[in-house]
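For reference, my_file-v3.pdb (PDB, C-alpha atoms):
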```pdb
ATOM      1  CA  MET A 595       0.278 -18.666  -6.505  1.00  0.00           C
ATOM      2  CA  LYS A 596       3.348 -16.882  -5.249  1.00  0.00           C
ATOM      3  CA  HIS A 597       3.845 -13.121  -5.148  1.00  0.00           C
ATOM      4  CA  VAL A 598       7.339 -11.984  -6.138  1.00  0.00           C
ATOM      5  CA  THR A 599       8.796  -8.474  -5.978  1.00  0.00           C
ATOM      6  CA  TRP A 600      12.171  -6.803  -6.326  1.00  0.00           C
ATOM      7  CA  GLU A 601      12.647  -7.252  -2.567  1.00  0.00           C
ATOM      8  CA  HIS A 602      13.152 -10.993  -2.883  1.00  0.00           C
ATOM      9  CA  ASP A 603      16.856 -11.818  -2.504  1.00  0.00           C
ATOM     10  CA  ASN A 604      16.958 -14.232  -5.407  1.00  0.00           C
ATOM     11  CA  VAL A 605      15.536 -11.585  -7.726  1.00  0.00           C
ATOM     12  CA  ARG A 606      18.301  -9.137  -6.885  1.00  0.00           C
ATOM     13  CA  GLN A 607      21.038 -11.752  -7.056  1.00  0.00           C
ATOM     14  CA  THR A 608      19.931 -12.931 -10.473  1.00  0.00           C
ATOM     15  CA  TRP A 609      19.669  -9.358 -11.765  1.00  0.00           C
ATOM     16  CA  GLN A 610      23.138  -8.501 -10.496  1.00  0.00           C
ATOM     17  CA  ALA A 611      24.563 -11.380 -12.534  1.00  0.00           C
ATOM     18  CA  LEU A 612      23.527  -9.679 -15.786  1.00  0.00           C
ATOM     19  CA  PRO A 613      26.282  -7.043 -16.033  1.00  0.00           C
ATOM     20  CA  VAL A 614      28.821  -9.686 -14.963  1.00  0.00           C
ATOM     21  CA  ARG A 615      27.718 -12.194 -17.600  1.00  0.00           C
ATOM     22  CA  LYS A 616      27.028  -9.559 -20.322  1.00  0.00           C
ATOM     23  CA  PRO A 617      24.974 -11.912 -22.488  1.00  0.00           C
ATOM     24  CA  PHE A 618      24.739 -11.183 -26.204  1.00  0.00           C
ATOM     25  CA  ILE A 619      21.074 -10.959 -27.172  1.00  0.00           C
ATOM     26  CA  TYR A 620      19.972 -11.055 -30.788  1.00  0.00           C
ATOM     27  CA  GLY A 621      16.574  -9.577 -31.495  1.00  0.00           C
ATOM     28  CA  GLN A 622      14.116  -9.205 -34.315  1.00  0.00           C
ATOM     29  CA  THR A 623      11.596  -6.497 -33.549  1.00  0.00           C
ATOM     30  CA  ASN A 624       9.720  -3.640 -35.159  1.00  0.00           C
ATOM     31  CA  TYR A 625      11.349  -0.301 -35.901  1.00  0.00           C
ATOM     32  CA  ILE A 626       9.042   1.449 -33.421  1.00  0.00           C
ATOM     33  CA  ALA A 627      10.374  -0.545 -30.458  1.00  0.00           C
ATOM     34  CA  ALA A 628      13.971  -1.179 -31.499  1.00  0.00           C
ATOM     35  CA  THR A 629      15.573   1.836 -29.828  1.00  0.00           C
ATOM     36  CA  LEU A 630      13.950   1.359 -26.430  1.00  0.00           C
ATOM     37  CA  SER A 631      14.611  -2.382 -26.559  1.00  0.00           C
ATOM     38  CA  ALA A 632      18.305  -1.806 -27.229  1.00  0.00           C
ATOM     39  CA  ASN A 633      18.554   0.814 -24.493  1.00  0.00           C
ATOM     40  CA  VAL A 634      16.817  -1.458 -21.979  1.00  0.00           C
ATOM     41  CA  LEU A 635      19.239  -4.283 -22.729  1.00  0.00           C
ATOM     42  CA  LEU A 636      22.291  -2.045 -22.529  1.00  0.00           C
ATOM     43  CA  ALA A 637      21.083  -0.472 -19.281  1.00  0.00           C
ATOM     44  CA  ALA A 638      20.641  -3.923 -17.757  1.00  0.00           C
ATOM     45  CA  GLY A 639      24.176  -4.947 -18.699  1.00  0.00           C
ATOM     46  CA  ALA A 640      23.542  -7.062 -21.790  1.00  0.00           C
ATOM     47  CA  VAL A 641      24.784  -6.381 -25.319  1.00  0.00           C
ATOM     48  CA  THR A 642      22.622  -6.667 -28.395  1.00  0.00           C
ATOM     49  CA  ALA A 643      22.186  -6.701 -32.137  1.00  0.00           C
ATOM     50  CA  ILE A 644      18.759  -6.048 -33.621  1.00  0.00           C
ATOM     51  CA  GLY A 645      17.472  -6.604 -37.130  1.00  0.00           C
ATOM     52  CA  ALA A 646      16.751  -9.260 -39.718  1.00  0.00           C
ATOM     53  CA  ILE A 647      19.357  -8.345 -42.322  1.00  0.00           C
ATOM     54  CA  PRO A 648      19.347 -11.488 -44.491  1.00  0.00           C
ATOM     55  CA  SER A 649      23.123 -11.884 -44.615  1.00  0.00           C
ATOM     56  CA  ALA A 650      23.491 -11.383 -40.868  1.00  0.00           C
ATOM     57  CA  VAL A 651      20.655 -13.404 -39.338  1.00  0.00           C
ATOM     58  CA  GLU A 652      22.575 -16.666 -39.272  1.00  0.00           C
ATOM     59  CA  ILE A 653      25.733 -15.033 -37.884  1.00  0.00           C
ATOM     60  CA  PHE A 654      23.979 -13.072 -35.148  1.00  0.00           C
ATOM     61  CA  ALA A 655      21.548 -15.813 -34.170  1.00  0.00           C
ATOM     62  CA  SER A 656      24.195 -18.537 -34.105  1.00  0.00           C
ATOM     63  CA  ASN A 657      26.428 -16.526 -31.787  1.00  0.00           C
ATOM     64  CA  ALA A 658      23.722 -15.249 -29.457  1.00  0.00           C
ATOM     65  CA  ASP A 659      23.358 -16.253 -25.823  1.00  0.00           C
ATOM     66  CA  ALA A 660      19.609 -15.805 -26.257  1.00  0.00           C
ATOM     67  CA  ILE A 661      17.206 -14.555 -28.912  1.00  0.00           C
ATOM     68  CA  TRP A 662      13.924 -12.696 -28.875  1.00  0.00           C
ATOM     69  CA  ILE A 663      11.496 -12.430 -31.746  1.00  0.00           C
ATOM     70  CA  ASN A 664       8.779  -9.796 -31.721  1.00  0.00           C
ATOM     71  CA  ALA A 665       6.073 -10.732 -34.207  1.00  0.00           C
ATOM     72  CA  ALA A 666       5.671  -7.100 -35.271  1.00  0.00           C
ATOM     73  CA  ALA A 667       9.047  -7.398 -36.966  1.00  0.00           C
ATOM     74  CA  GLN A 668       6.821  -8.439 -39.880  1.00  0.00           C
ATOM     75  CA  VAL A 669       6.245  -4.716 -40.451  1.00  0.00           C
ATOM     76  CA  THR A 670       9.566  -4.635 -42.314  1.00  0.00           C
ATOM     77  CA  ASP A 671      10.989  -8.164 -42.330  1.00  0.00           C
ATOM     78  CA  PRO A 672       9.779 -11.193 -44.306  1.00  0.00           C
ATOM     79  CA  PRO A 673       8.558 -14.130 -42.205  1.00  0.00           C
ATOM     80  CA  GLU A 674      11.383 -16.276 -43.585  1.00  0.00           C
ATOM     81  CA  GLN A 675      13.916 -14.216 -41.628  1.00  0.00           C
ATOM     82  CA  LEU A 676      11.981 -14.711 -38.404  1.00  0.00           C
ATOM     83  CA  PHE A 677      11.695 -18.438 -39.059  1.00  0.00           C
ATOM     84  CA  ALA A 678      15.438 -18.607 -39.776  1.00  0.00           C
ATOM     85  CA  ALA A 679      16.322 -17.163 -36.363  1.00  0.00           C
ATOM     86  CA  ALA A 680      13.825 -19.405 -34.571  1.00  0.00           C
ATOM     87  CA  ARG A 681      15.143 -22.463 -36.427  1.00  0.00           C
ATOM     88  CA  ILE A 682      18.720 -21.657 -35.428  1.00  0.00           C
ATOM     89  CA  ALA A 683      17.634 -21.211 -31.818  1.00  0.00           C
ATOM     90  CA  GLN A 684      15.959 -24.610 -31.829  1.00  0.00           C
ATOM     91  CA  ASP A 685      18.794 -26.388 -33.647  1.00  0.00           C
ATOM     92  CA  LYS A 686      21.531 -24.914 -31.451  1.00  0.00           C
ATOM     93  CA  ASN A 687      19.554 -25.085 -28.204  1.00  0.00           C
ATOM     94  CA  ILE A 688      19.674 -21.302 -27.763  1.00  0.00           C
ATOM     95  CA  PRO A 689      16.839 -20.131 -25.490  1.00  0.00           C
ATOM     96  CA  TRP A 690      14.504 -17.639 -27.094  1.00  0.00           C
ATOM     97  CA  VAL A 691      11.482 -15.464 -26.354  1.00  0.00           C
ATOM     98  CA  LEU A 692       8.411 -15.097 -28.547  1.00  0.00           C
ATOM     99  CA  ASP A 693       6.390 -11.876 -28.255  1.00  0.00           C
ATOM    100  CA  PRO A 694       3.103 -12.388 -30.160  1.00  0.00           C
ATOM    101  CA  VAL A 695       2.305  -8.673 -30.328  1.00  0.00           C
ATOM    102  CA  ALA A 696      -1.082  -7.908 -31.956  1.00  0.00           C
ATOM    103  CA  MET A 697      -1.997 -11.597 -32.114  1.00  0.00           C
ATOM    104  CA  GLY A 698      -5.752 -11.865 -32.568  1.00  0.00           C
ATOM    105  CA  ALA A 699      -6.206  -8.349 -33.921  1.00  0.00           C
ATOM    106  CA  GLY A 700      -7.747  -9.737 -37.088  1.00  0.00           C
ATOM    107  CA  ALA A 701      -4.847 -10.202 -39.520  1.00  0.00           C
ATOM    108  CA  GLU A 702      -4.992 -13.937 -40.219  1.00  0.00           C
ATOM    109  CA  THR A 703      -1.828 -14.137 -42.327  1.00  0.00           C
ATOM    110  CA  TYR A 704       0.061 -12.275 -39.612  1.00  0.00           C
ATOM    111  CA  ASP A 705      -1.336 -14.575 -36.919  1.00  0.00           C
ATOM    112  CA  ASN A 706      -0.354 -17.669 -38.897  1.00  0.00           C
ATOM    113  CA  VAL A 707       3.282 -16.552 -38.831  1.00  0.00           C
ATOM    114  CA  ILE A 708       3.099 -16.393 -35.041  1.00  0.00           C
ATOM    115  CA  ARG A 709       1.567 -19.865 -34.878  1.00  0.00           C
ATOM    116  CA  GLN A 710       4.374 -21.210 -37.040  1.00  0.00           C
ATOM    117  CA  LEU A 711       6.994 -19.525 -34.847  1.00  0.00           C
ATOM    118  CA  LEU A 712       5.482 -21.322 -31.877  1.00  0.00           C
ATOM    119  CA  THR A 713       6.480 -24.663 -33.414  1.00  0.00           C
ATOM    120  CA  TYR A 714      10.158 -23.756 -32.884  1.00  0.00           C
ATOM    121  CA  ARG A 715       9.732 -24.162 -29.103  1.00  0.00           C
ATOM    122  CA  PRO A 716      10.402 -20.805 -27.439  1.00  0.00           C
ATOM    123  CA  ALA A 717      11.522 -20.888 -23.817  1.00  0.00           C
ATOM    124  CA  VAL A 718       9.214 -17.995 -22.913  1.00  0.00           C
ATOM    125  CA  ILE A 719       6.153 -16.459 -24.540  1.00  0.00           C
ATOM    126  CA  ARG A 720       5.482 -12.918 -23.333  1.00  0.00           C
ATOM    127  CA  GLY A 721       2.521 -10.748 -24.203  1.00  0.00           C
ATOM    128  CA  ASN A 722      -0.602  -9.075 -22.945  1.00  0.00           C
ATOM    129  CA  ALA A 723      -3.702 -10.991 -21.907  1.00  0.00           C
ATOM    130  CA  SER A 724      -5.574 -10.599 -25.187  1.00  0.00           C
ATOM    131  CA  GLU A 725      -2.614 -11.673 -27.321  1.00  0.00           C
ATOM    132  CA  LEU A 726      -1.960 -14.758 -25.246  1.00  0.00           C
ATOM    133  CA  MET A 727      -5.613 -15.715 -25.093  1.00  0.00           C
ATOM    134  CA  ALA A 728      -5.726 -15.544 -28.896  1.00  0.00           C
ATOM    135  CA  LEU A 729      -2.521 -17.573 -29.235  1.00  0.00           C
ATOM    136  CA  ALA A 730      -3.941 -20.201 -26.901  1.00  0.00           C
ATOM    137  CA  GLY A 731      -6.932 -20.524 -29.216  1.00  0.00           C
ATOM    138  CA  GLY A 732      -9.470 -18.376 -27.396  1.00  0.00           C
ATOM    139  CA  ALA A 733     -11.135 -15.070 -28.219  1.00  0.00           C
ATOM    140  CA  GLY A 734      -8.498 -12.515 -27.351  1.00  0.00           C
ATOM    141  CA  GLY A 735     -10.263  -9.312 -28.278  1.00  0.00           C
ATOM    142  CA  THR A 736      -7.076  -7.385 -28.990  1.00  0.00           C
ATOM    143  CA  LYS A 737      -7.593  -3.717 -29.877  1.00  0.00           C
ATOM    144  CA  GLY A 738      -4.599  -2.965 -32.098  1.00  0.00           C
ATOM    145  CA  VAL A 739      -1.703  -3.861 -29.830  1.00  0.00           C
ATOM    146  CA  GLU A 740      -3.619  -3.152 -26.604  1.00  0.00           C
ATOM    147  CA  ALA A 741      -5.236  -5.751 -24.356  1.00  0.00           C
ATOM    148  CA  THR A 742      -8.943  -5.810 -23.653  1.00  0.00           C
ATOM    149  CA  LEU A 743      -8.650  -8.603 -21.070  1.00  0.00           C
ATOM    150  CA  SER A 744      -7.029  -8.764 -17.643  1.00  0.00           C
ATOM    151  CA  PRO A 745      -4.117 -11.125 -16.887  1.00  0.00           C
ATOM    152  CA  ALA A 746      -6.297 -13.019 -14.421  1.00  0.00           C
ATOM    153  CA  ALA A 747      -8.914 -13.635 -17.122  1.00  0.00           C
ATOM    154  CA  ALA A 748      -6.269 -15.135 -19.396  1.00  0.00           C
ATOM    155  CA  LEU A 749      -4.516 -17.265 -16.769  1.00  0.00           C
ATOM    156  CA  ALA A 750      -6.304 -20.533 -17.485  1.00  0.00           C
ATOM    157  CA  ALA A 751      -5.577 -20.186 -21.204  1.00  0.00           C
ATOM    158  CA  ALA A 752      -1.961 -19.268 -20.440  1.00  0.00           C
ATOM    159  CA  ARG A 753      -1.533 -22.356 -18.295  1.00  0.00           C
ATOM    160  CA  ASP A 754      -2.908 -24.516 -21.082  1.00  0.00           C
ATOM    161  CA  LEU A 755      -0.630 -22.817 -23.618  1.00  0.00           C
ATOM    162  CA  ALA A 756       2.370 -23.394 -21.341  1.00  0.00           C
ATOM    163  CA  ARG A 757       1.584 -27.092 -21.006  1.00  0.00           C
ATOM    164  CA  ARG A 758       1.084 -27.574 -24.743  1.00  0.00           C
ATOM    165  CA  SER A 759       4.074 -25.517 -25.888  1.00  0.00           C
ATOM    166  CA  GLY A 760       6.565 -26.317 -23.130  1.00  0.00           C
ATOM    167  CA  ALA A 761       7.185 -22.587 -22.709  1.00  0.00           C
ATOM    168  CA  VAL A 762       6.795 -20.323 -19.723  1.00  0.00           C
ATOM    169  CA  VAL A 763       3.962 -17.894 -20.462  1.00  0.00           C
ATOM    170  CA  ALA A 764       4.157 -14.363 -19.049  1.00  0.00           C
ATOM    171  CA  ILE A 765       1.092 -12.121 -19.098  1.00  0.00           C
ATOM    172  CA  SER A 766       1.814  -8.428 -18.612  1.00  0.00           C
ATOM    173  CA  GLY A 767      -0.637  -6.169 -16.791  1.00  0.00           C
ATOM    174  CA  PRO A 768      -1.169  -4.263 -13.534  1.00  0.00           C
ATOM    175  CA  VAL A 769      -0.216  -7.540 -11.852  1.00  0.00           C
ATOM    176  CA  ASP A 770       1.889  -9.725 -14.134  1.00  0.00           C
ATOM    177  CA  HIS A 771       0.940 -13.402 -14.186  1.00  0.00           C
ATOM    178  CA  ILE A 772       3.718 -15.859 -15.106  1.00  0.00           C
ATOM    179  CA  THR A 773       3.215 -19.610 -15.373  1.00  0.00           C
ATOM    180  CA  ASP A 774       5.014 -22.753 -16.477  1.00  0.00           C
ATOM    181  CA  GLY A 775       1.702 -24.555 -16.686  1.00  0.00           C
ATOM    182  CA  THR A 776       1.782 -25.686 -13.069  1.00  0.00           C
ATOM    183  CA  SER A 777       3.062 -22.959 -10.772  1.00  0.00           C
ATOM    184  CA  VAL A 778       2.122 -19.283 -11.048  1.00  0.00           C
ATOM    185  CA  ARG A 779       4.144 -16.215 -10.110  1.00  0.00           C
ATOM    186  CA  LEU A 780       2.377 -12.901  -9.535  1.00  0.00           C
ATOM    187  CA  VAL A 781       4.480  -9.748  -9.943  1.00  0.00           C
ATOM    188  CA  PRO A 782       2.713  -6.593  -8.769  1.00  0.00           C
ATOM    189  CA  GLY A 783       3.811  -3.007  -9.220  1.00  0.00           C
ATOM    190  CA  GLY A 784       4.984  -0.948 -12.144  1.00  0.00           C
ATOM    191  CA  SER A 785       3.410   2.255 -13.387  1.00  0.00           C
ATOM    192  CA  PRO A 786       0.576   3.247 -15.740  1.00  0.00           C
ATOM    193  CA  MET A 787       3.190   5.404 -17.470  1.00  0.00           C
ATOM    194  CA  LEU A 788       4.443   2.244 -19.192  1.00  0.00           C
ATOM    195  CA  THR A 789       1.247   2.310 -21.254  1.00  0.00           C
ATOM    196  CA  ARG A 790       1.995   5.849 -22.442  1.00  0.00           C
ATOM    197  CA  ILE A 791       5.338   5.165 -24.116  1.00  0.00           C
ATOM    198  CA  THR A 792       6.059   3.187 -27.260  1.00  0.00           C
ATOM    199  CA  GLY A 793       7.700  -0.210 -27.064  1.00  0.00           C
ATOM    200  CA  ALA A 794       7.536  -0.886 -23.324  1.00  0.00           C
ATOM    201  CA  GLY A 795       6.097  -4.380 -23.703  1.00  0.00           C
ATOM    202  CA  CYS A 796       8.364  -5.193 -26.629  1.00  0.00           C
ATOM    203  CA  SER A 797      11.397  -4.175 -24.569  1.00  0.00           C
ATOM    204  CA  LEU A 798      10.276  -6.377 -21.712  1.00  0.00           C
ATOM    205  CA  GLY A 799      10.501  -9.346 -24.054  1.00  0.00           C
ATOM    206  CA  ALA A 800      14.093  -8.405 -24.820  1.00  0.00           C
ATOM    207  CA  LEU A 801      14.868  -8.203 -21.108  1.00  0.00           C
ATOM    208  CA  VAL A 802      13.374 -11.635 -20.481  1.00  0.00           C
ATOM    209  CA  ALA A 803      15.716 -13.007 -23.149  1.00  0.00           C
ATOM    210  CA  ALA A 804      18.719 -11.484 -21.384  1.00  0.00           C
ATOM    211  CA  LEU A 805      17.712 -13.074 -18.080  1.00  0.00           C
ATOM    212  CA  LEU A 806      17.454 -16.515 -19.707  1.00  0.00           C
ATOM    213  CA  ARG A 807      21.247 -16.773 -19.625  1.00  0.00           C
ATOM    214  CA  VAL A 808      21.704 -15.930 -15.948  1.00  0.00           C
ATOM    215  CA  ALA A 809      18.587 -17.360 -14.296  1.00  0.00           C
ATOM    216  CA  ALA A 810      18.268 -20.981 -13.207  1.00  0.00           C
ATOM    217  CA  THR A 811      15.050 -21.579 -15.158  1.00  0.00           C
ATOM    218  CA  PRO A 812      12.906 -19.785 -17.753  1.00  0.00           C
ATOM    219  CA  LEU A 813      10.276 -19.254 -15.043  1.00  0.00           C
ATOM    220  CA  GLU A 814      12.838 -17.473 -12.897  1.00  0.00           C
ATOM    221  CA  ALA A 815      14.115 -15.460 -15.862  1.00  0.00           C
ATOM    222  CA  ALA A 816      10.655 -14.162 -16.701  1.00  0.00           C
ATOM    223  CA  THR A 817       9.858 -13.441 -13.056  1.00  0.00           C
ATOM    224  CA  VAL A 818      13.069 -11.489 -12.432  1.00  0.00           C
ATOM    225  CA  ALA A 819      12.639  -9.480 -15.635  1.00  0.00           C
ATOM    226  CA  HIS A 820       9.100  -8.475 -14.688  1.00  0.00           C
ATOM    227  CA  ALA A 821      10.063  -7.632 -11.105  1.00  0.00           C
ATOM    228  CA  ALA A 822      12.958  -5.441 -12.281  1.00  0.00           C
ATOM    229  CA  TYR A 823      10.722  -3.744 -14.834  1.00  0.00           C
ATOM    230  CA  ALA A 824       8.116  -3.024 -12.156  1.00  0.00           C
ATOM    231  CA  ILE A 825      10.486  -1.433  -9.656  1.00  0.00           C
ATOM    232  CA  ALA A 826      12.283   0.591 -12.339  1.00  0.00           C
ATOM    233  CA  ALA A 827       8.948   1.908 -13.606  1.00  0.00           C
ATOM    234  CA  GLU A 828       7.899   2.896 -10.081  1.00  0.00           C
ATOM    235  CA  GLN A 829      11.168   4.741  -9.497  1.00  0.00           C
ATOM    236  CA  ALA A 830      10.962   6.452 -12.881  1.00  0.00           C
ATOM    237  CA  ALA A 831       7.364   7.570 -12.333  1.00  0.00           C
ATOM    238  CA  GLU A 832       8.346   9.313  -9.089  1.00  0.00           C
ATOM    239  CA  ARG A 833      10.787  11.543 -10.983  1.00  0.00           C
ATOM    240  CA  ALA A 834       9.140  11.961 -14.380  1.00  0.00           C
ATOM    241  CA  ARG A 835       7.118  14.956 -15.521  1.00  0.00           C
ATOM    242  CA  GLY A 836       5.524  13.128 -18.440  1.00  0.00           C
ATOM    243  CA  PRO A 837       6.029  10.283 -20.932  1.00  0.00           C
ATOM    244  CA  ALA A 838       9.240  11.643 -22.454  1.00  0.00           C
ATOM    245  CA  SER A 839      11.026  12.152 -19.168  1.00  0.00           C
ATOM    246  CA  PHE A 840       9.602   8.850 -17.905  1.00  0.00           C
ATOM    247  CA  THR A 841      11.351   7.011 -20.728  1.00  0.00           C
ATOM    248  CA  MET A 842      14.678   8.603 -19.808  1.00  0.00           C
ATOM    249  CA  GLU A 843      14.194   8.005 -16.074  1.00  0.00           C
ATOM    250  CA  PHE A 844      13.107   4.416 -16.707  1.00  0.00           C
ATOM    251  CA  VAL A 845      16.269   3.518 -18.608  1.00  0.00           C
ATOM    252  CA  ASP A 846      18.354   5.230 -15.919  1.00  0.00           C
ATOM    253  CA  ALA A 847      16.531   3.337 -13.178  1.00  0.00           C
ATOM    254  CA  LEU A 848      17.204   0.004 -14.859  1.00  0.00           C
ATOM    255  CA  SER A 849      20.886   0.877 -15.160  1.00  0.00           C
ATOM    256  CA  CYS A 850      21.117   1.556 -11.415  1.00  0.00           C
ATOM    257  CA  LEU A 851      19.256  -1.527 -10.159  1.00  0.00           C
ATOM    258  CA  ALA A 852      22.395  -3.666  -9.983  1.00  0.00           C
ATOM    259  CA  ASP A 853      23.748  -1.257  -7.350  1.00  0.00           C
ATOM    260  CA  ASN A 854      20.665  -1.543  -5.129  1.00  0.00           C
TER     261      ASN A 854
END
```
Would you mind writing the file's structure down as structure tokens?
Amino acid sequence: MKHVTWEHDNVRQTWQALPVRKPFIYGQTNYIAATLSANVLLAAGAVTAIGAIPSAVEIFASNADAIWINAAAQVTDPPEQLFAAARIAQDKNIPWVLDPVAMGAGAETYDNVIRQLLTYRPAVIRGNASELMALAGGAGGTKGVEATLSPAAALAAARDLARRSGAVVAISGPVDHITDGTSVRLVPGGSPMLTRITGAGCSLGALVAALLRVAATPLEAATVAHAAYAIAAEQAAERARGPASFTMEFVDALSCLADN
């Protein structure tokens, strides 16, 4: 296992390539997380379009540098629109991120959509420990959208999922665990304040997608995204008075990381 933080040179160099490359990221996510996800991407230097408008899915997905699909988009969007974006990503070799939010919470029809999305070969699967344990076939124990397991407890299942799916699997938590099935990256840091705002995990999935177009590998993309998220959260927590100001400070911190 290798510990990685913002202080690693390669992390900073990869992050600084984002505003130069300005990748176009197409996302399908839930209305609760859409605003923060868009702001995170814009702050990092990417550009984005979000939403599963039937007439626009093919246009946006086909022209994207990377795609992310948050399973909770099912709140408003039919599964067919999610499958359409994933199919385009697979057919056109566009890297994409699957966020299986609330997987294992008890909604079988919902979970089956996530399982079907997995067949379209995402480059990265990002979620909390309970979601990923459930997706791997274990007992996740998700409470709503919150994890009841630690990343370390889900690591063996995540490694197995990575080997079977061909995707990098990133488990968010106090120490993020990221694996390609063989190697493991541990990313410490962050702030508990991330658990007190809406859409923080969903937005991290969007950021991973943006890094897929500037990093050398999906493992590196996921690692850099998590390391940047951690340091930005730490900086934001030092200045915030509460969740609302933390959100503002967090987006600002992300926007300034390329200058550090």
| field | Explicit residues for the PyMOL selection byres ((chain A and resi 811-817) around 10) (as a ChimeraX atom specification) | value | /A:597-600,604-605,608-609,689-691,717-720,761-764,770-774,777-781,798-799,801-810,818-823
At a cut-off of 9 Å, using all atoms listed in the file, what residues contact stretch 655-669 of chain A? Leave out same-chain residues fewer than 2 positions from it and give the result as a PDB file with C-alpha atoms, in the frame of the given file.
```
ATOM      1  CA  PRO A 617      24.974 -11.912 -22.488  1.00  0.00           C
ATOM      2  CA  PHE A 618      24.739 -11.183 -26.204  1.00  0.00           C
ATOM      3  CA  ILE A 619      21.074 -10.959 -27.172  1.00  0.00           C
ATOM      4  CA  TYR A 620      19.972 -11.055 -30.788  1.00  0.00           C
ATOM      5  CA  GLY A 621      16.574  -9.577 -31.495  1.00  0.00           C
ATOM      6  CA  GLN A 622      14.116  -9.205 -34.315  1.00  0.00           C
ATOM      7  CA  THR A 623      11.596  -6.497 -33.549  1.00  0.00           C
ATOM      8  CA  ASN A 624       9.720  -3.640 -35.159  1.00  0.00           C
ATOM      9  CA  TYR A 625      11.349  -0.301 -35.901  1.00  0.00           C
ATOM     10  CA  THR A 642      22.622  -6.667 -28.395  1.00  0.00           C
ATOM     11  CA  GLY A 645      17.472  -6.604 -37.130  1.00  0.00           C
ATOM     12  CA  ALA A 646      16.751  -9.260 -39.718  1.00  0.00           C
ATOM     13  CA  ALA A 650      23.491 -11.383 -40.868  1.00  0.00           C
ATOM     14  CA  VAL A 651      20.655 -13.404 -39.338  1.00  0.00           C
ATOM     15  CA  GLU A 652      22.575 -16.666 -39.272  1.00  0.00           C
ATOM     16  CA  ILE A 653      25.733 -15.033 -37.884  1.00  0.00           C
ATOM     17  CA  ASP A 671      10.989  -8.164 -42.330  1.00  0.00           C
ATOM     18  CA  PRO A 672       9.779 -11.193 -44.306  1.00  0.00           C
ATOM     19  CA  PRO A 673       8.558 -14.130 -42.205  1.00  0.00           C
ATOM     20  CA  LEU A 676      11.981 -14.711 -38.404  1.00  0.00           C
ATOM     21  CA  ALA A 678      15.438 -18.607 -39.776  1.00  0.00           C
ATOM     22  CA  ALA A 679      16.322 -17.163 -36.363  1.00  0.00           C
ATOM     23  CA  ALA A 680      13.825 -19.405 -34.571  1.00  0.00           C
ATOM     24  CA  ILE A 682      18.720 -21.657 -35.428  1.00  0.00           C
ATOM     25  CA  ALA A 683      17.634 -21.211 -31.818  1.00  0.00           C
ATOM     26  CA  LYS A 686      21.531 -24.914 -31.451  1.00  0.00           C
ATOM     27  CA  ILE A 688      19.674 -21.302 -27.763  1.00  0.00           C
ATOM     28  CA  PRO A 689      16.839 -20.131 -25.490  1.00  0.00           C
ATOM     29  CA  TRP A 690      14.504 -17.639 -27.094  1.00  0.00           C
ATOM     30  CA  VAL A 691      11.482 -15.464 -26.354  1.00  0.00           C
ATOM     31  CA  LEU A 692       8.411 -15.097 -28.547  1.00  0.00           C
ATOM     32  CA  ASP A 693       6.390 -11.876 -28.255  1.00  0.00           C
ATOM     33  CA  PRO A 694       3.103 -12.388 -30.160  1.00  0.00           C
ATOM     34  CA  VAL A 695       2.305  -8.673 -30.328  1.00  0.00           C
ATOM     35  CA  ALA A 696      -1.082  -7.908 -31.956  1.00  0.00           C
ATOM     36  CA  MET A 697      -1.997 -11.597 -32.114  1.00  0.00           C
ATOM     37  CA  TYR A 704       0.061 -12.275 -39.612  1.00  0.00           C
ATOM     38  CA  ASP A 705      -1.336 -14.575 -36.919  1.00  0.00           C
ATOM     39  CA  VAL A 707       3.282 -16.552 -38.831  1.00  0.00           C
ATOM     40  CA  ILE A 708       3.099 -16.393 -35.041  1.00  0.00           C
ATOM     41  CA  LEU A 711       6.994 -19.525 -34.847  1.00  0.00           C
ATOM     42  CA  PRO A 716      10.402 -20.805 -27.439  1.00  0.00           C
ATOM     43  CA  CYS A 796       8.364  -5.193 -26.629  1.00  0.00           C
ATOM     44  CA  GLY A 799      10.501  -9.346 -24.054  1.00  0.00           C
ATOM     45  CA  ALA A 800      14.093  -8.405 -24.820  1.00  0.00           C
ATOM     46  CA  VAL A 802      13.374 -11.635 -20.481  1.00  0.00           C
ATOM     47  CA  ALA A 803      15.716 -13.007 -23.149  1.00  0.00           C
ATOM     48  CA  ALA A 804      18.719 -11.484 -21.384  1.00  0.00           C
ATOM     49  CA  LEU A 805      17.712 -13.074 -18.080  1.00  0.00           C
ATOM     50  CA  LEU A 806      17.454 -16.515 -19.707  1.00  0.00           C
ATOM     51  CA  ARG A 807      21.247 -16.773 -19.625  1.00  0.00           C
TER      52      ARG A 807
END
```
| request: Would you mind reading off the distance between atom CA of A:Gly783 and atom CA of A:Leu755, one decimal, in Å? | output: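 Result for atom CA of A:Gly783 versus atom CA of A:Leu755: 24.9 Å, one decimal.
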| said: With distances taken over all atoms listed in the file, which residue among A:Val641, A:Met787, A:Ala756, A:Met842 lies nearest A:Pro613? | reply: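 Of all the options, A:Val641 lies closest to A:Pro613.
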| Picked residues, the PyMOL selection byres ((chain A and resi 612) around 7), expected as a VMD selection string | chain A and resid 609 to 611 613 to 616 638 to 640 808
| said: When you count only C-alpha atoms, which of these residues is closest to A:Lys596: A:Asp853, A:Ile825, A:Val769, A:Arg833? | reply: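 Closest to A:Lys596, using only C-alpha atoms: A:Val769.
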| atom CA of A:Ala748 and atom CA of A:Gly775 are how many Å apart? | 12.6 Å
| Nearest to A:Gly700: which of A:Ser839, A:Ile647, A:Glu725, A:Ser766 is it, counting all atoms listed in the file? |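 Of A:Ser839, A:Ile647, A:Glu725, A:Ser766, the one nearest A:Gly700, counting all atoms listed in the file, is A:Glu725.
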| Test item: the PyMOL selection byres ((chain A and resi 789) around 12) resolved as JSON, numbers by chain | {"A": [722, 739, 740, 741, 766, 767, 768, 784, 785, 786, 787, 788, 790, 791, 792, 793, 794, 795, 796, 827, 836, 837, 840, 841]}
